[in-house]
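> Sending over query_37.cif (mmCIF, C-alpha atoms).
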```cif
data_final
loop_
_atom_site.group_PDB
_atom_site.id
_atom_site.type_symbol
_atom_site.label_atom_id
_atom_site.label_comp_id
_atom_site.auth_asym_id
_atom_site.auth_seq_id
_atom_site.Cartn_x
_atom_site.Cartn_y
_atom_site.Cartn_z
ATOM 1 C CA GLN E 1 5.165 5.451 -55.518
ATOM 2 C CA HIS E 2 5.003 9.196 -54.979
ATOM 3 C CA GLU E 3 8.772 9.430 -55.021
ATOM 4 C CA SER E 4 8.975 7.592 -58.351
ATOM 5 C CA THR E 5 6.426 9.987 -59.867
ATOM 6 C CA ILE E 6 8.403 12.909 -58.487
ATOM 7 C CA ARG E 7 11.648 11.521 -59.959
ATOM 8 C CA GLU E 8 10.021 10.904 -63.308
ATOM 9 C CA LEU E 9 8.656 14.426 -63.484
ATOM 10 C CA GLN E 10 11.946 15.875 -62.271
ATOM 11 C CA SER E 11 13.834 13.921 -64.924
ATOM 12 C CA ARG E 12 11.540 15.214 -67.667
ATOM 13 C CA LEU E 13 11.996 18.753 -66.455
ATOM 14 C CA ASP E 14 15.753 18.400 -66.403
ATOM 15 C CA SER E 15 15.947 16.925 -69.903
ATOM 16 C CA ASP E 16 13.651 19.219 -71.755
ATOM 17 C CA LEU E 17 10.167 20.575 -71.683
ATOM 18 C CA GLY E 18 9.161 17.871 -74.108
ATOM 19 C CA SER E 19 5.483 17.864 -74.809
ATOM 20 C CA TYR E 20 4.682 19.865 -71.674
ATOM 21 C CA SER E 21 3.754 23.492 -71.641
ATOM 22 C CA VAL E 22 4.961 25.940 -68.996
ATOM 23 C CA GLN E 23 1.518 25.803 -67.401
ATOM 24 C CA ASP E 24 1.734 21.980 -67.278
ATOM 25 C CA ILE E 25 5.124 22.243 -65.662
ATOM 26 C CA ARG E 26 3.838 24.707 -63.044
ATOM 27 C CA THR E 27 0.863 22.470 -62.367
ATOM 28 C CA ARG E 28 3.218 19.520 -62.050
ATOM 29 C CA ASP E 29 5.499 21.526 -59.754
ATOM 30 C CA GLU E 30 2.514 22.261 -57.512
ATOM 31 C CA GLU E 31 1.560 18.580 -57.593
ATOM 32 C CA ILE E 32 5.143 17.664 -56.767
ATOM 33 C CA ALA E 33 5.148 20.087 -53.818
ATOM 34 C CA GLN E 34 1.823 18.679 -52.595
ATOM 35 C CA LEU E 35 3.083 15.121 -53.053
ATOM 36 C CA ARG E 36 6.253 15.953 -51.098
ATOM 37 C CA GLU E 37 4.180 17.499 -48.287
ATOM 38 C CA SER E 38 1.907 14.464 -48.272
ATOM 39 C CA ASN E 39 4.925 12.175 -48.297
ATOM 40 C CA ASP E 40 6.534 14.068 -45.372
ATOM 41 C CA ALA E 41 3.273 13.968 -43.419
ATOM 42 C CA ALA E 42 2.901 10.256 -44.136
ATOM 43 C CA GLN E 43 6.468 9.579 -43.008
ATOM 44 C CA ASP E 44 5.899 11.593 -39.813
ATOM 45 C CA TRP E 45 2.685 9.680 -39.182
ATOM 46 C CA MET E 46 4.460 6.356 -39.772
ATOM 47 C CA ALA E 47 7.300 7.345 -37.419
ATOM 48 C CA LYS E 48 4.766 8.201 -34.724
ATOM 49 C CA ALA E 49 2.864 4.991 -35.435
ATOM 50 C CA VAL E 50 6.067 2.953 -35.065
ATOM 51 C CA GLU E 51 6.892 4.791 -31.846
ATOM 52 C CA HIS E 52 3.366 4.164 -30.539
ATOM 53 C CA HIS E 53 3.605 0.512 -31.588
ATOM 54 C CA ASN E 54 6.912 0.134 -29.715
ATOM 55 C CA MET E 55 5.418 1.756 -26.604
ATOM 56 C CA LEU E 56 2.395 -0.550 -26.767
ATOM 57 C CA SER E 57 4.689 -3.555 -27.283
ATOM 58 C CA GLU E 58 6.582 -2.610 -24.126
ATOM 59 C CA GLN E 59 3.310 -2.254 -22.230
ATOM 60 C CA VAL E 60 2.142 -5.648 -23.505
ATOM 61 C CA ALA E 61 5.451 -7.220 -22.454
ATOM 62 C CA SER E 62 5.207 -5.603 -19.012
ATOM 63 C CA ALA E 63 1.577 -6.674 -18.609
ATOM 64 C CA THR E 64 2.502 -10.204 -19.743
ATOM 65 C CA ASN E 65 5.286 -10.392 -17.150
ATOM 66 C CA GLU E 66 2.972 -9.062 -14.444
ATOM 67 C CA ASN E 67 0.278 -11.529 -15.506
ATOM 68 C CA THR E 68 2.773 -14.405 -15.295
ATOM 69 C CA SER E 69 3.857 -13.247 -11.844
ATOM 70 C CA LEU E 70 0.250 -12.928 -10.656
ATOM 71 C CA LYS E 71 -0.595 -16.375 -12.015
ATOM 72 C CA ALA E 72 2.322 -17.804 -10.032
ATOM 73 C CA GLU E 73 1.073 -16.042 -6.885
ATOM 74 C CA VAL E 74 -2.457 -17.351 -7.443
ATOM 75 C CA LYS E 75 -1.111 -20.889 -7.894
ATOM 76 C CA GLU E 76 0.957 -20.577 -4.722
ATOM 77 C CA LEU E 77 -2.057 -19.322 -2.759
ATOM 78 C CA LYS E 78 -4.239 -22.092 -4.159
ATOM 79 C CA ASP E 79 -1.621 -24.639 -3.120
ATOM 80 C CA LYS E 80 -1.642 -23.191 0.402
ATOM 81 C CA LEU E 81 -5.448 -23.235 0.565
ATOM 82 C CA LEU E 82 -5.875 -26.708 -0.909
ATOM 83 C CA PRO E 83 -5.413 -28.605 2.381
ATOM 84 C CA PHE E 84 -7.996 -26.381 4.063
ATOM 85 C CA GLU E 85 -10.478 -26.660 1.210
ATOM 86 C CA THR E 86 -10.264 -30.442 1.114
ATOM 87 C CA SER E 87 -10.573 -30.911 4.855
ATOM 88 C CA THR E 88 -13.852 -29.537 6.133
ATOM 89 C CA LEU E 89 -13.536 -31.823 9.148
ATOM 90 C CA LEU E 90 -10.327 -30.082 10.127
ATOM 91 C CA ALA E 91 -12.059 -26.720 9.805
ATOM 92 C CA GLU E 92 -14.956 -27.900 11.951
ATOM 93 C CA LYS E 93 -12.568 -29.317 14.543
ATOM 94 C CA LEU E 94 -10.654 -26.053 14.659
ATOM 95 C CA GLN E 95 -13.908 -24.123 15.029
ATOM 96 C CA ILE E 96 -14.911 -26.301 18.000
ATOM 97 C CA GLU E 97 -11.478 -25.802 19.580
ATOM 98 C CA VAL E 98 -11.749 -22.047 19.095
ATOM 99 C CA GLU E 99 -15.178 -22.027 20.750
ATOM 100 C CA GLU E 100 -13.891 -24.145 23.656
ATOM 101 C CA LYS E 101 -10.842 -21.933 24.149
ATOM 102 C CA THR E 102 -13.038 -18.838 23.956
ATOM 103 C CA ALA E 103 -15.336 -20.209 26.644
ATOM 104 C CA GLU E 104 -12.319 -21.177 28.771
ATOM 105 C CA PHE E 105 -10.856 -17.711 28.308
ATOM 106 C CA GLU E 106 -14.133 -16.040 29.276
ATOM 107 C CA SER E 107 -14.369 -18.210 32.395
ATOM 108 C CA LEU E 108 -10.782 -17.425 33.376
ATOM 109 C CA GLU E 109 -11.371 -13.762 32.674
ATOM 110 C CA LYS E 110 -14.386 -13.727 35.026
ATOM 111 C CA SER E 111 -12.434 -15.609 37.683
ATOM 112 C CA HIS E 112 -9.428 -13.318 37.374
ATOM 113 C CA THR E 113 -11.589 -10.208 37.361
ATOM 114 C CA SER E 114 -13.292 -11.410 40.525
ATOM 115 C CA ARG E 115 -9.929 -12.231 42.148
ATOM 116 C CA ILE E 116 -8.471 -8.868 41.110
ATOM 117 C CA THR E 117 -11.466 -7.078 42.620
ATOM 118 C CA GLU E 118 -11.083 -9.111 45.808
ATOM 119 C CA LEU E 119 -7.357 -8.304 45.998
ATOM 120 C CA GLU E 120 -8.005 -4.625 45.342
ATOM 121 C CA ASN E 121 -10.582 -4.544 48.160
ATOM 122 C CA THR E 122 -8.195 -6.337 50.516
ATOM 123 C CA HIS E 123 -5.422 -3.934 49.547
ATOM 124 C CA ASN E 124 -7.644 -0.898 50.076
ATOM 125 C CA ASN E 125 -8.813 -2.221 53.465
ATOM 126 C CA ARG E 126 -5.241 -2.966 54.539
ATOM 127 C CA MET E 127 -4.123 0.487 53.410
ATOM 128 C CA SER E 128 -6.952 2.052 55.419
ATOM 129 C CA GLU E 129 -5.976 0.011 58.468
ATOM 130 C CA LEU E 130 -2.307 0.979 58.086
ATOM 131 C CA GLU E 131 -3.182 4.624 57.641
ATOM 132 C CA ALA E 132 -5.401 4.523 60.775
ATOM 133 C CA LYS E 133 -2.699 2.744 62.734
ATOM 134 C CA HIS E 134 0.016 5.126 61.648
ATOM 135 C CA ILE E 135 -2.128 8.163 62.265
ATOM 136 C CA GLY E 136 -2.627 6.943 65.816
ATOM 137 C CA GLU E 137 1.091 6.297 66.211
ATOM 138 C CA VAL E 138 1.932 9.706 64.742
ATOM 139 C CA GLU E 139 -0.478 11.401 67.156
ATOM 140 C CA MET E 140 1.004 9.432 70.037
ATOM 141 C CA LEU E 141 4.560 10.408 68.970
ATOM 142 C CA LYS E 142 3.504 14.048 68.691
ATOM 143 C CA GLY E 143 2.191 13.847 72.192
ATOM 144 C CA GLN E 144 5.434 12.274 73.430
ATOM 145 C CA ILE E 145 7.483 14.948 71.660
ATOM 146 C CA ALA E 146 5.365 17.688 73.232
ATOM 147 C CA GLN E 147 5.775 16.093 76.662
ATOM 148 C CA MET E 148 9.547 15.732 76.210
ATOM 149 C CA THR E 149 9.775 19.337 75.033
ATOM 150 C CA ASN E 150 8.002 20.461 78.232
ATOM 151 C CA GLU E 151 10.275 18.323 80.393
ATOM 152 C CA LEU E 152 13.335 19.702 78.580
ATOM 153 C CA GLN E 153 12.185 23.249 79.187
ATOM 154 C CA ILE E 154 11.663 22.473 82.879
ATOM 155 C CA VAL E 155 15.125 20.955 83.126
ATOM 156 C CA ARG E 156 16.683 24.004 81.444
ATOM 157 C CA ALA E 157 14.947 26.429 83.666
#
```
What do you get writing this file as structure tokens?

Amino acid sequence: QHESTIRELQSRLDSDLGSYSVQDIRTRDEEIAQLRESNDAAQDWMAKAVEHHNMLSEQVASATNENTSLKAEVKELKDKLLPFETSTLLAEKLQIEVEEKTAEFESLEKSHTSRITELENTHNNRMSELEAKHIGEVEMLKGQIAQMTNELQIVRA
């Protein structure tokens, strides 16, 4: 609409002054300049609005795709959970089995801990015995070596 007014005024100016005075023409020129500025600003705004609209459309499409994907995941998870939700007896049975296995484990753990302690004590005692025995043997061998060294010195002399 602004462009048509601009063209009309431009056409009148080109043809003749007509019924307009110079002041009217200047006023119209100022109006034309203002209308052109307004038109440029409006076109810039529209271009930005279209760009913003396109960006938002892409975001909506992305969010829609993500939503579809998430809905599929939720359905898949629900399908996996359905047997467990519908079978409380199975859940109770599993809970009882877990408790039984836990008690069995605790009993075995106590038994094994006791056995390990017993084996460690036996090992430590055996090591002490072996150390005592070997210390005695080492002392005896030292004595024999000393005696043989004396005998060797006597034989050499």
> I'd like the contact shell of Asn39 (chain E) - 8 Å cut-off, all atoms listed in the file, skipping same-chain residues fewer than 4 positions apart - returned as a PyMOL selection string.
chain E and resi 2+35+43
> Would you compute the distance between CA of Glu129 (chain E) and CA of Arg115 (chain E)? Give it in Å to one decimal.
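Taking CA of Glu129 (chain E) as the start and CA of Arg115 (chain E) as the end point, the length is 20.8 Å.
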> Give me the box for region 57-76 of chain E as lines of an AutoDock Vina configuration file, namely the centre and edge lengths in Å to one decimal of a box along x, y and z that holds every listed atom plus 8 Å on each side.

```
center_x = 2.1
center_y = -11.6
center_z = -16.0
size_x = 25.0
size_y = 34.6
size_z = 38.6
```
> Check the smallest atom-to-atom distance from each of E:Leu9, E:Ala157, E:Asn65, E:Thr113 to Thr27 (chain E) using all atoms listed in the file, then report the winner.
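Of the candidates, the smallest distance to Thr27 (chain E) is held by E:Leu9.
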> In Å, rounded to a single decimal, give me how far CA of His123 (chain E) is from CA of Leu141 (chain E).
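About the pair CA of Leu141 (chain E) and CA of His123 (chain E): they are 26.1 Å apart.
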> CA of Glu104 (chain E) to CA of Thr88 (chain E): how many Å, to one decimal?
24.2 Å
> Can you work out which one of E:Val138, E:Ile6, E:Val22, E:Ala103 has the shortest atom-to-atom distance to Glu37 (chain E), counting all atoms listed in the file?
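The answer is E:Ile6, which sits nearest to Glu37 (chain E).
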> Give me region 105-152 of chain E from this structure - N, CA and C atoms, as a PDB file, in the first residue's frame.

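Saved the output as result14.pdb:
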```pdb
ATOM      1  N   PHE E 105      24.271 -67.325  52.377  1.00  0.00           N
ATOM      2  CA  PHE E 105      25.566 -66.666  52.172  1.00  0.00           C
ATOM      3  C   PHE E 105      26.184 -66.261  53.504  1.00  0.00           C
ATOM      4  N   GLU E 106      25.378 -65.657  54.371  1.00  0.00           N
ATOM      5  CA  GLU E 106      25.890 -65.224  55.676  1.00  0.00           C
ATOM      6  C   GLU E 106      26.393 -66.413  56.490  1.00  0.00           C
ATOM      7  N   SER E 107      25.668 -67.528  56.428  1.00  0.00           N
ATOM      8  CA  SER E 107      26.085 -68.730  57.149  1.00  0.00           C
ATOM      9  C   SER E 107      27.402 -69.261  56.588  1.00  0.00           C
ATOM     10  N   LEU E 108      27.488 -69.328  55.263  1.00  0.00           N
ATOM     11  CA  LEU E 108      28.729 -69.785  54.630  1.00  0.00           C
ATOM     12  C   LEU E 108      29.881 -68.835  54.932  1.00  0.00           C
ATOM     13  N   GLU E 109      29.579 -67.557  54.956  1.00  0.00           N
ATOM     14  CA  GLU E 109      30.618 -66.572  55.237  1.00  0.00           C
ATOM     15  C   GLU E 109      31.172 -66.775  56.651  1.00  0.00           C
ATOM     16  N   LYS E 110      30.269 -67.007  57.621  1.00  0.00           N
ATOM     17  CA  LYS E 110      30.716 -67.261  58.997  1.00  0.00           C
ATOM     18  C   LYS E 110      31.565 -68.527  59.057  1.00  0.00           C
ATOM     19  N   SER E 111      31.071 -69.575  58.394  1.00  0.00           N
ATOM     20  CA  SER E 111      31.778 -70.855  58.390  1.00  0.00           C
ATOM     21  C   SER E 111      33.153 -70.708  57.747  1.00  0.00           C
ATOM     22  N   HIS E 112      33.207 -70.017  56.622  1.00  0.00           N
ATOM     23  CA  HIS E 112      34.474 -69.846  55.922  1.00  0.00           C
ATOM     24  C   HIS E 112      35.415 -68.948  56.718  1.00  0.00           C
ATOM     25  N   THR E 113      34.873 -67.936  57.344  1.00  0.00           N
ATOM     26  CA  THR E 113      35.707 -67.047  58.156  1.00  0.00           C
ATOM     27  C   THR E 113      36.313 -67.834  59.308  1.00  0.00           C
ATOM     28  N   SER E 114      35.494 -68.666  59.932  1.00  0.00           N
ATOM     29  CA  SER E 114      35.975 -69.498  61.033  1.00  0.00           C
ATOM     30  C   SER E 114      37.048 -70.460  60.532  1.00  0.00           C
ATOM     31  N   ARG E 115      36.818 -71.092  59.396  1.00  0.00           N
ATOM     32  CA  ARG E 115      37.779 -72.049  58.829  1.00  0.00           C
ATOM     33  C   ARG E 115      39.070 -71.337  58.442  1.00  0.00           C
ATOM     34  N   ILE E 116      38.949 -70.151  57.848  1.00  0.00           N
ATOM     35  CA  ILE E 116      40.138 -69.385  57.468  1.00  0.00           C
ATOM     36  C   ILE E 116      40.950 -69.033  58.702  1.00  0.00           C
ATOM     37  N   THR E 117      40.276 -68.612  59.759  1.00  0.00           N
ATOM     38  CA  THR E 117      40.978 -68.288  61.010  1.00  0.00           C
ATOM     39  C   THR E 117      41.681 -69.523  61.549  1.00  0.00           C
ATOM     40  N   GLU E 118      40.993 -70.649  61.520  1.00  0.00           N
ATOM     41  CA  GLU E 118      41.572 -71.908  61.999  1.00  0.00           C
ATOM     42  C   GLU E 118      42.807 -72.273  61.171  1.00  0.00           C
ATOM     43  N   LEU E 119      42.701 -72.151  59.849  1.00  0.00           N
ATOM     44  CA  LEU E 119      43.833 -72.471  58.975  1.00  0.00           C
ATOM     45  C   LEU E 119      44.997 -71.496  59.193  1.00  0.00           C
ATOM     46  N   GLU E 120      44.684 -70.243  59.388  1.00  0.00           N
ATOM     47  CA  GLU E 120      45.734 -69.261  59.656  1.00  0.00           C
ATOM     48  C   GLU E 120      46.464 -69.603  60.956  1.00  0.00           C
ATOM     49  N   ASN E 121      45.706 -69.965  61.998  1.00  0.00           N
ATOM     50  CA  ASN E 121      46.321 -70.340  63.273  1.00  0.00           C
ATOM     51  C   ASN E 121      47.200 -71.581  63.112  1.00  0.00           C
ATOM     52  N   THR E 122      46.693 -72.573  62.397  1.00  0.00           N
ATOM     53  CA  THR E 122      47.457 -73.793  62.153  1.00  0.00           C
ATOM     54  C   THR E 122      48.739 -73.451  61.391  1.00  0.00           C
ATOM     55  N   HIS E 123      48.601 -72.619  60.377  1.00  0.00           N
ATOM     56  CA  HIS E 123      49.750 -72.210  59.576  1.00  0.00           C
ATOM     57  C   HIS E 123      50.781 -71.490  60.460  1.00  0.00           C
ATOM     58  N   ASN E 124      50.300 -70.550  61.242  1.00  0.00           N
ATOM     59  CA  ASN E 124      51.218 -69.801  62.120  1.00  0.00           C
ATOM     60  C   ASN E 124      51.925 -70.734  63.110  1.00  0.00           C
ATOM     61  N   ASN E 125      51.159 -71.669  63.696  1.00  0.00           N
ATOM     62  CA  ASN E 125      51.761 -72.629  64.633  1.00  0.00           C
ATOM     63  C   ASN E 125      52.806 -73.492  63.933  1.00  0.00           C
ATOM     64  N   ARG E 126      52.470 -73.974  62.748  1.00  0.00           N
ATOM     65  CA  ARG E 126      53.388 -74.826  61.988  1.00  0.00           C
ATOM     66  C   ARG E 126      54.653 -74.051  61.631  1.00  0.00           C
ATOM     67  N   MET E 127      54.462 -72.780  61.225  1.00  0.00           N
ATOM     68  CA  MET E 127      55.612 -71.946  60.887  1.00  0.00           C
ATOM     69  C   MET E 127      56.497 -71.749  62.114  1.00  0.00           C
ATOM     70  N   SER E 128      55.878 -71.541  63.266  1.00  0.00           N
ATOM     71  CA  SER E 128      56.655 -71.379  64.502  1.00  0.00           C
ATOM     72  C   SER E 128      57.422 -72.649  64.817  1.00  0.00           C
ATOM     73  N   GLU E 129      56.756 -73.799  64.664  1.00  0.00           N
ATOM     74  CA  GLU E 129      57.417 -75.076  64.910  1.00  0.00           C
ATOM     75  C   GLU E 129      58.600 -75.268  63.975  1.00  0.00           C
ATOM     76  N   LEU E 130      58.379 -74.964  62.664  1.00  0.00           N
ATOM     77  CA  LEU E 130      59.435 -75.136  61.674  1.00  0.00           C
ATOM     78  C   LEU E 130      60.602 -74.196  61.964  1.00  0.00           C
ATOM     79  N   GLU E 131      60.280 -72.982  62.330  1.00  0.00           N
ATOM     80  CA  GLU E 131      61.337 -72.026  62.652  1.00  0.00           C
ATOM     81  C   GLU E 131      62.147 -72.521  63.858  1.00  0.00           C
ATOM     82  N   ALA E 132      61.442 -73.037  64.896  1.00  0.00           N
ATOM     83  CA  ALA E 132      62.134 -73.537  66.092  1.00  0.00           C
ATOM     84  C   ALA E 132      63.006 -74.735  65.728  1.00  0.00           C
ATOM     85  N   LYS E 133      62.444 -75.612  64.908  1.00  0.00           N
ATOM     86  CA  LYS E 133      63.184 -76.807  64.508  1.00  0.00           C
ATOM     87  C   LYS E 133      64.418 -76.420  63.706  1.00  0.00           C
ATOM     88  N   HIS E 134      64.249 -75.537  62.774  1.00  0.00           N
ATOM     89  CA  HIS E 134      65.369 -75.148  61.921  1.00  0.00           C
ATOM     90  C   HIS E 134      66.407 -74.355  62.698  1.00  0.00           C
ATOM     91  N   ILE E 135      65.954 -73.563  63.624  1.00  0.00           N
ATOM     92  CA  ILE E 135      66.923 -72.816  64.441  1.00  0.00           C
ATOM     93  C   ILE E 135      67.792 -73.797  65.213  1.00  0.00           C
ATOM     94  N   GLY E 136      67.156 -74.825  65.750  1.00  0.00           N
ATOM     95  CA  GLY E 136      67.917 -75.858  66.467  1.00  0.00           C
ATOM     96  C   GLY E 136      68.891 -76.559  65.542  1.00  0.00           C
ATOM     97  N   GLU E 137      68.416 -76.911  64.345  1.00  0.00           N
ATOM     98  CA  GLU E 137      69.282 -77.582  63.375  1.00  0.00           C
ATOM     99  C   GLU E 137      70.427 -76.674  62.944  1.00  0.00           C
ATOM    100  N   VAL E 138      70.127 -75.391  62.744  1.00  0.00           N
ATOM    101  CA  VAL E 138      71.161 -74.437  62.341  1.00  0.00           C
ATOM    102  C   VAL E 138      72.211 -74.326  63.443  1.00  0.00           C
ATOM    103  N   GLU E 139      71.757 -74.244  64.693  1.00  0.00           N
ATOM    104  CA  GLU E 139      72.707 -74.154  65.810  1.00  0.00           C
ATOM    105  C   GLU E 139      73.560 -75.412  65.897  1.00  0.00           C
ATOM    106  N   MET E 140      72.904 -76.567  65.660  1.00  0.00           N
ATOM    107  CA  MET E 140      73.638 -77.827  65.708  1.00  0.00           C
ATOM    108  C   MET E 140      74.674 -77.862  64.578  1.00  0.00           C
ATOM    109  N   LEU E 141      74.290 -77.418  63.364  1.00  0.00           N
ATOM    110  CA  LEU E 141      75.216 -77.405  62.233  1.00  0.00           C
ATOM    111  C   LEU E 141      76.360 -76.435  62.481  1.00  0.00           C
ATOM    112  N   LYS E 142      76.077 -75.317  63.105  1.00  0.00           N
ATOM    113  CA  LYS E 142      77.134 -74.358  63.448  1.00  0.00           C
ATOM    114  C   LYS E 142      78.142 -75.010  64.400  1.00  0.00           C
ATOM    115  N   GLY E 143      77.584 -75.727  65.327  1.00  0.00           N
ATOM    116  CA  GLY E 143      78.460 -76.424  66.275  1.00  0.00           C
ATOM    117  C   GLY E 143      79.325 -77.448  65.566  1.00  0.00           C
ATOM    118  N   GLN E 144      78.716 -78.220  64.640  1.00  0.00           N
ATOM    119  CA  GLN E 144      79.467 -79.225  63.894  1.00  0.00           C
ATOM    120  C   GLN E 144      80.537 -78.571  63.036  1.00  0.00           C
ATOM    121  N   ILE E 145      80.205 -77.447  62.422  1.00  0.00           N
ATOM    122  CA  ILE E 145      81.175 -76.733  61.581  1.00  0.00           C
ATOM    123  C   ILE E 145      82.333 -76.257  62.445  1.00  0.00           C
ATOM    124  N   ALA E 146      82.031 -75.720  63.605  1.00  0.00           N
ATOM    125  CA  ALA E 146      83.086 -75.241  64.511  1.00  0.00           C
ATOM    126  C   ALA E 146      83.986 -76.398  64.917  1.00  0.00           C
ATOM    127  N   GLN E 147      83.359 -77.548  65.232  1.00  0.00           N
ATOM    128  CA  GLN E 147      84.137 -78.716  65.649  1.00  0.00           C
ATOM    129  C   GLN E 147      85.017 -79.188  64.504  1.00  0.00           C
ATOM    130  N   MET E 148      84.465 -79.246  63.284  1.00  0.00           N
ATOM    131  CA  MET E 148      85.234 -79.701  62.129  1.00  0.00           C
ATOM    132  C   MET E 148      86.363 -78.728  61.814  1.00  0.00           C
ATOM    133  N   THR E 149      86.120 -77.442  62.021  1.00  0.00           N
ATOM    134  CA  THR E 149      87.156 -76.442  61.790  1.00  0.00           C
ATOM    135  C   THR E 149      88.305 -76.667  62.764  1.00  0.00           C
ATOM    136  N   ASN E 150      87.985 -76.960  64.028  1.00  0.00           N
ATOM    137  CA  ASN E 150      89.032 -77.248  65.026  1.00  0.00           C
ATOM    138  C   ASN E 150      89.826 -78.500  64.645  1.00  0.00           C
ATOM    139  N   GLU E 151      89.098 -79.542  64.250  1.00  0.00           N
ATOM    140  CA  GLU E 151      89.766 -80.787  63.867  1.00  0.00           C
ATOM    141  C   GLU E 151      90.662 -80.557  62.674  1.00  0.00           C
ATOM    142  N   LEU E 152      90.204 -79.738  61.716  1.00  0.00           N
ATOM    143  CA  LEU E 152      90.981 -79.459  60.504  1.00  0.00           C
ATOM    144  C   LEU E 152      92.255 -78.708  60.865  1.00  0.00           C
TER     145      LEU E 152
END
```
